[in-house]
Each structure stands twice: as structure tokens, then as C-alpha cells.
file protein-v9.csv (CSV, C-alpha atoms)
chain,number,residue,atom,x,y,z
A,1,MET,CA,0.0,0.0,0.0
A,2,VAL,CA,2.6,2.6,1.2
A,3,ASN,CA,5.1,1.4,-1.4
A,4,THR,CA,2.6,1.7,-4.3
A,5,ILE,CA,1.5,5.3,-3.3
A,6,LEU,CA,5.2,6.3,-3.0
A,7,ALA,CA,6.1,4.9,-6.4
A,8,ILE,CA,3.2,6.9,-8.0
A,9,ALA,CA,4.4,10.0,-6.2
A,10,LEU,CA,8.0,9.6,-7.4
A,11,GLY,CA,6.6,9.1,-11.0
A,12,ILE,CA,4.7,12.4,-10.7
A,13,MET,CA,7.8,14.2,-9.4
A,14,LEU,CA,9.8,12.9,-12.4
A,15,LEU,CA,7.1,14.1,-14.7
A,16,SER,CA,7.4,17.6,-13.2
A,17,ILE,CA,11.1,17.6,-13.8
A,18,VAL,CA,10.5,16.7,-17.5
A,19,ILE,CA,7.9,19.5,-17.9
A,20,SER,CA,10.2,22.1,-16.4
A,21,LEU,CA,13.0,20.8,-18.7
A,22,ILE,CA,10.9,22.0,-21.6
A,23,ARG,CA,10.9,25.5,-20.2
A,24,PHE,CA,14.6,25.2,-19.5
A,25,ILE,CA,15.3,24.6,-23.2
A,26,LYS,CA,12.7,27.0,-24.6
A,27,GLY,CA,12.9,29.9,-22.2
A,28,PRO,CA,13.3,33.3,-23.9
A,29,CYS,CA,15.1,35.2,-21.2
A,30,TYR,CA,17.8,34.3,-18.7
A,31,THR,CA,15.7,34.2,-15.6
A,32,ASP,CA,13.3,31.7,-17.1
A,33,ARG,CA,16.2,29.2,-17.4
A,34,VAL,CA,17.4,29.9,-13.9
A,35,ILE,CA,13.9,29.4,-12.4
A,36,ALA,CA,13.4,26.2,-14.4
A,37,PHE,CA,16.8,25.0,-13.0
A,38,ASP,CA,15.6,25.9,-9.5
A,39,VAL,CA,12.3,23.9,-9.9
A,40,MET,CA,14.2,20.9,-11.3
A,41,THR,CA,16.6,20.8,-8.3
A,42,ILE,CA,13.9,21.2,-5.7
A,43,SER,CA,11.9,18.4,-7.3
A,44,SER,CA,14.9,16.2,-7.4
A,45,LEU,CA,15.5,16.9,-3.7
A,46,SER,CA,12.2,15.1,-3.0
A,47,ILE,CA,13.1,12.3,-5.3
A,48,ILE,CA,16.4,11.7,-3.4
A,49,ALA,CA,14.4,11.5,-0.2
A,50,GLY,CA,12.2,8.9,-1.9
A,51,ILE,CA,15.2,6.9,-3.0
A,52,ALA,CA,16.5,7.0,0.5
A,53,PHE,CA,13.3,5.5,1.7
A,54,PHE,CA,13.2,2.7,-0.9
A,55,SER,CA,16.8,1.7,-0.3
A,56,GLN,CA,16.5,2.2,3.5
A,57,ARG,CA,19.7,4.2,3.8
A,58,MET,CA,19.7,7.4,5.9
A,59,ILE,CA,23.0,8.6,4.5
A,60,TYR,CA,21.3,9.6,1.2
A,61,LEU,CA,19.5,12.5,3.0
A,62,ASP,CA,23.0,14.1,3.4
A,63,ILE,CA,23.2,14.2,-0.4
A,64,ALA,CA,19.8,15.9,-0.5
A,65,MET,CA,20.9,18.5,2.0
A,66,VAL,CA,24.1,19.3,0.0
A,67,TYR,CA,22.1,19.4,-3.2
A,68,GLY,CA,19.7,21.9,-1.8
A,69,ILE,CA,22.5,24.2,-0.6
A,70,LEU,CA,24.3,24.0,-3.9
A,71,SER,CA,21.0,24.8,-5.8
A,72,PHE,CA,20.5,27.9,-3.6
A,73,LEU,CA,24.1,29.1,-4.1
A,74,GLY,CA,23.9,28.5,-7.8
A,75,VAL,CA,20.8,30.6,-8.2
A,76,LEU,CA,22.3,33.4,-6.0
A,77,VAL,CA,25.5,33.5,-8.0
A,78,VAL,CA,23.7,33.7,-11.3
A,79,ALA,CA,21.4,36.5,-10.0
A,80,ARG,CA,24.3,38.5,-8.7
A,81,TYR,CA,26.0,38.1,-12.1
A,82,LEU,CA,22.9,39.4,-13.9
A,83,GLU,CA,22.9,42.4,-11.7
A,84,LYS,CA,26.5,43.1,-12.5
A,85,GLY,CA,27.3,42.7,-8.9
A,86,LEU,CA,30.1,40.2,-9.2
B,1,MET,CA,1.9,2.9,13.2
B,2,GLU,CA,0.5,1.6,9.9
B,3,THR,CA,-2.2,4.3,9.7
B,4,LEU,CA,0.5,6.9,10.3
B,5,ALA,CA,2.5,5.5,7.3
B,6,ILE,CA,-0.5,5.6,5.1
B,7,ILE,CA,-1.2,9.3,6.1
B,8,GLY,CA,2.4,10.1,5.3
B,9,ALA,CA,2.1,8.4,1.9
B,10,PHE,CA,-0.9,10.5,1.0
B,11,LEU,CA,0.9,13.6,2.1
B,12,THR,CA,3.8,12.8,-0.2
B,13,LEU,CA,1.3,12.2,-3.0
B,14,ALA,CA,-0.2,15.7,-2.4
B,15,GLY,CA,3.2,17.2,-2.4
B,16,SER,CA,4.1,15.6,-5.7
B,17,VAL,CA,0.9,16.9,-7.2
B,18,PHE,CA,1.9,20.4,-6.0
B,19,LEU,CA,5.3,20.0,-7.7
B,20,LEU,CA,3.5,19.0,-10.9
B,21,LEU,CA,1.2,22.0,-10.8
B,22,GLY,CA,4.2,24.3,-10.2
B,23,SER,CA,6.0,23.0,-13.3
B,24,ILE,CA,2.8,23.3,-15.4
B,25,GLY,CA,2.4,26.9,-14.3
B,26,LEU,CA,6.1,27.4,-15.2
B,27,LEU,CA,5.2,26.2,-18.7
B,28,ARG,CA,2.0,28.1,-19.2
B,29,MET,CA,2.5,31.6,-17.6
B,30,PRO,CA,2.9,34.5,-20.1
B,31,ASP,CA,5.6,36.5,-18.3
B,32,CYS,CA,8.9,36.1,-16.5
B,33,PHE,CA,7.7,37.4,-13.2
B,34,ASN,CA,4.6,35.2,-13.3
B,35,ARG,CA,6.8,32.2,-14.0
B,36,ILE,CA,8.9,33.1,-10.9
B,37,GLN,CA,5.8,33.3,-8.8
B,38,ALA,CA,4.3,30.0,-10.1
B,39,GLY,CA,7.5,28.0,-10.0
B,40,THR,CA,8.8,29.0,-6.6
B,41,LYS,CA,5.7,29.1,-4.4
B,42,ALA,CA,4.2,25.9,-5.5
B,43,SER,CA,7.5,24.0,-5.4
B,44,THR,CA,8.2,25.2,-1.9
B,45,LEU,CA,4.8,23.9,-0.6
B,46,GLY,CA,5.2,20.7,-2.5
B,47,THR,CA,8.6,20.0,-1.1
B,48,ILE,CA,7.5,20.8,2.5
B,49,LEU,CA,4.5,18.4,2.1
B,50,SER,CA,6.4,15.5,0.6
B,51,LEU,CA,9.2,15.8,3.2
B,52,THR,CA,6.6,15.9,6.0
B,53,GLY,CA,5.1,12.7,4.5
B,54,PHE,CA,8.5,11.0,4.6
B,55,LEU,CA,8.9,12.2,8.2
B,56,LEU,CA,5.6,10.5,9.1
B,57,ILE,CA,6.6,7.3,7.3
B,58,MET,CA,10.1,7.0,8.8
B,59,PRO,CA,9.9,8.6,12.3
B,60,GLY,CA,13.5,7.5,13.0
B,61,TRP,CA,14.9,10.0,10.5
B,62,TRP,CA,13.3,13.1,12.0
B,63,GLY,CA,16.6,15.0,12.5
B,64,LYS,CA,17.9,15.3,9.0
B,65,LEU,CA,14.4,15.6,7.5
B,66,LEU,CA,13.6,18.5,9.9
B,67,ILE,CA,16.9,20.2,8.8
B,68,LEU,CA,15.9,19.7,5.2
B,69,ILE,CA,12.4,21.2,5.7
B,70,ILE,CA,13.8,24.2,7.6
B,71,SER,CA,16.5,24.9,5.0
B,72,VAL,CA,13.9,24.7,2.1
B,73,ILE,CA,11.6,27.1,4.0
B,74,ILE,CA,14.5,29.6,4.5
B,75,THR,CA,16.4,29.4,1.2
B,76,ASN,CA,13.7,29.0,-1.5
B,77,PRO,CA,11.8,32.4,-1.0
B,78,VAL,CA,15.2,34.1,-0.7
B,79,SER,CA,16.3,32.8,-4.1
B,80,SER,CA,12.9,33.7,-5.6
B,81,HIS,CA,13.3,37.3,-4.4
B,82,VAL,CA,16.9,37.7,-5.6
B,83,LEU,CA,15.9,36.4,-9.0
B,84,ALA,CA,12.9,38.8,-9.3
B,85,ARG,CA,15.2,41.7,-8.2
B,86,ALA,CA,17.8,40.8,-10.8
B,87,SER,CA,15.2,40.5,-13.6
B,88,HIS,CA,13.8,43.9,-12.7
B,89,TYR,CA,17.3,45.3,-12.8
B,90,ILE,CA,18.1,44.0,-16.3
B,91,LYS,CA,14.6,45.3,-17.5
B,92,VAL,CA,12.9,42.1,-18.5
B,93,PRO,CA,9.8,43.0,-20.6
B,94,LEU,CA,6.4,42.6,-19.0
B,95,THR,CA,3.4,40.9,-20.7
B,96,LYS,CA,1.0,43.0,-22.7
B,97,ALA,CA,-1.9,42.3,-20.3
B,98,THR,CA,-0.2,44.3,-17.5
B,99,LEU,CA,-2.6,46.9,-16.1
B,100,ILE,CA,-0.6,48.6,-13.3
B,101,ASN,CA,3.2,49.2,-13.4
B,102,LYS,CA,4.2,51.3,-10.4
B,103,TYR,CA,7.9,51.1,-11.2
B,104,ALA,CA,7.5,52.7,-14.6
B,105,GLU,CA,5.5,55.5,-12.9
B,106,ASP,CA,8.3,55.9,-10.4
B,107,GLU,CA,10.9,56.3,-13.2
B,108,LYS,CA,8.9,59.3,-14.6
B,109,TYR,CA,8.9,60.9,-11.1
B,110,ILE,CA,10.3,64.5,-11.0
B,111,PRO,CA,11.8,65.6,-7.7
B,112,VAL,CA,10.1,68.5,-5.8
B,113,GLU,CA,13.1,70.8,-6.0
B,114,ASP,CA,13.1,70.8,-9.8
B,115,LEU,CA,9.5,71.9,-9.8
B,116,LYS,CA,10.3,74.8,-7.5
B,117,ASN,CA,13.1,75.9,-9.8
B,118,GLU,CA,10.8,75.8,-12.9
B,119,LYS,CA,8.3,78.1,-11.1
B,120,GLU,CA,11.0,80.7,-10.3

call {"tool": "encode", "arguments": {"input": "protein-v9.csv", "output": "C-alpha cells"}}
result
Amino acid sequence: MVNTILAIALGIMLLSIVISLIRFIKGPCYTDRVIAFDVMTISSLSIIAGIAFFSQRMIYLDIAMVYGILSFLGVLVVARYLEKGL
Amino acid sequence: METLAIIGAFLTLAGSVFLLLGSIGLLRMPDCFNRIQAGTKASTLGTILSLTGFLLIMPGWWGKLLILIISVIITNPVSSHVLARASHYIKVPLTKATLINKYAEDEKYIPVEDLKNEKE
């Protein structure tokens, strides 16, 4: 029961990554691509937590934590670069 | 314990639906600022819901999951705000359906001292 619902949820998260990949390729201005990248990494953070549940390893949550921090820093650096602040 | 796991699984399903809605909004919105709104708000709520679901399923992992939830709550609105500020700075064009643009009115603002000089 629980495994089935979680598998469906992981499928939906993967579909959301694919849909935002379309905007990442198509986006007309810079910030569209950056925001599509942000949505992709946030969705994959949930997927990593699901993989950690399915393989019963708690150490994968550390990877999700580092991934979230790296996504935040990447967005911040690109935004400062667009503002000519770097 | 089993009912708690089922509740957590449904919470994770609701969070994944919010993530899907956020990415559909990212695809369909007409403007850059609308895309920032739709993408970031919905994905923040979806991630919080799905991580809370995993916290109900595996109560032994509460420490790292709580750190993940708090870091998402703090960092995601900050990155959205910084992106909106940068895209206003580089003058990204608005959509044609825009009715009110207060920033464009502010750029036409004339200081009071100049008006006094013109009268004299």
C-alpha cells in the first residue's frame, strides 16, 4: 500500500522535472532558465528522499541536503552576475 | 503505526501533485515574473508536504528531515526574491496584459526641488 503510493508520487515528481526541462530549453530570457533549474533541483530533492526510503539508507539524506544548498548558491551567484554585482 | 505511514504516503502524493502544478504553471504563464511566482511558491509547498510525508513514514529519520524542511523554508523564497530583483534590474519586458506598473511610474517621477526651480 505505502510502497505503491510512494512509487506513484515519485513518478509524478519525475514528470514535473521533465515538464520544467521544456521551459529550461525553450525559455526566452535568462531568468526563465534559472527558475526552471531551481524547480528541477527542488523536485529532485524530494526524489532523493524517496530513493533514501526505498533503499532504507539514511545517508542519502545528506546528499539531498548538500544538493539543496548547492542549488541555492547557484541561483544566488547567477542572479548577482545578472545584476553586474560580481 | 501503519495508519501513520498511510497518512504520510498520501501527504507525499499531495506534495508531488503540487510540484507537478508548479511546473505546469512554469510552462503556461505568459511573463517572466509570473513564472517566478508560479514556480517557486508551488515547489516550496510541494517539497515541504512531501518531506513531511517521509517524516511520518520514517519517524527515526526526524533530525535530518527537519533540517531539510527548515532549509527549504528559508532558502527558497530568498532565491525567488533575488531572481525577481535581478530580472527587474536587467529590464525584462512585462506581458501585454499588464494593467498597473508602479515602477514605470516611479521612473517618470520628478523631484520637488526641480518643480520649484521651474516656477521661479

call {"tool": "interface_residues", "arguments": {"input": "protein-v9.csv", "of": "chain A", "to": "chain B", "cutoff": "9 Å", "atoms": "all atoms listed in the file", "output": "number ranges by chain"}}
result
A: 1-3, 5-6, 8-20, 22-23, 29-32, 34-36, 38-40, 42-43, 45-46, 49-50, 53, 58, 61-62, 64-65, 68-69, 72-73, 75-76, 78-83

call {"tool": "atom_distance", "arguments": {"input": "protein-v9.csv", "atom1": "CA of Leu4 (chain B)", "atom2": "CA of Gly63 (chain B)"}}
result
18.2 Å

call {"tool": "atom_distance", "arguments": {"input": "protein-v9.csv", "atom1": "CA of Pro30 (chain B)", "atom2": "CA of Gly27 (chain A)"}}
result
11.2 Å
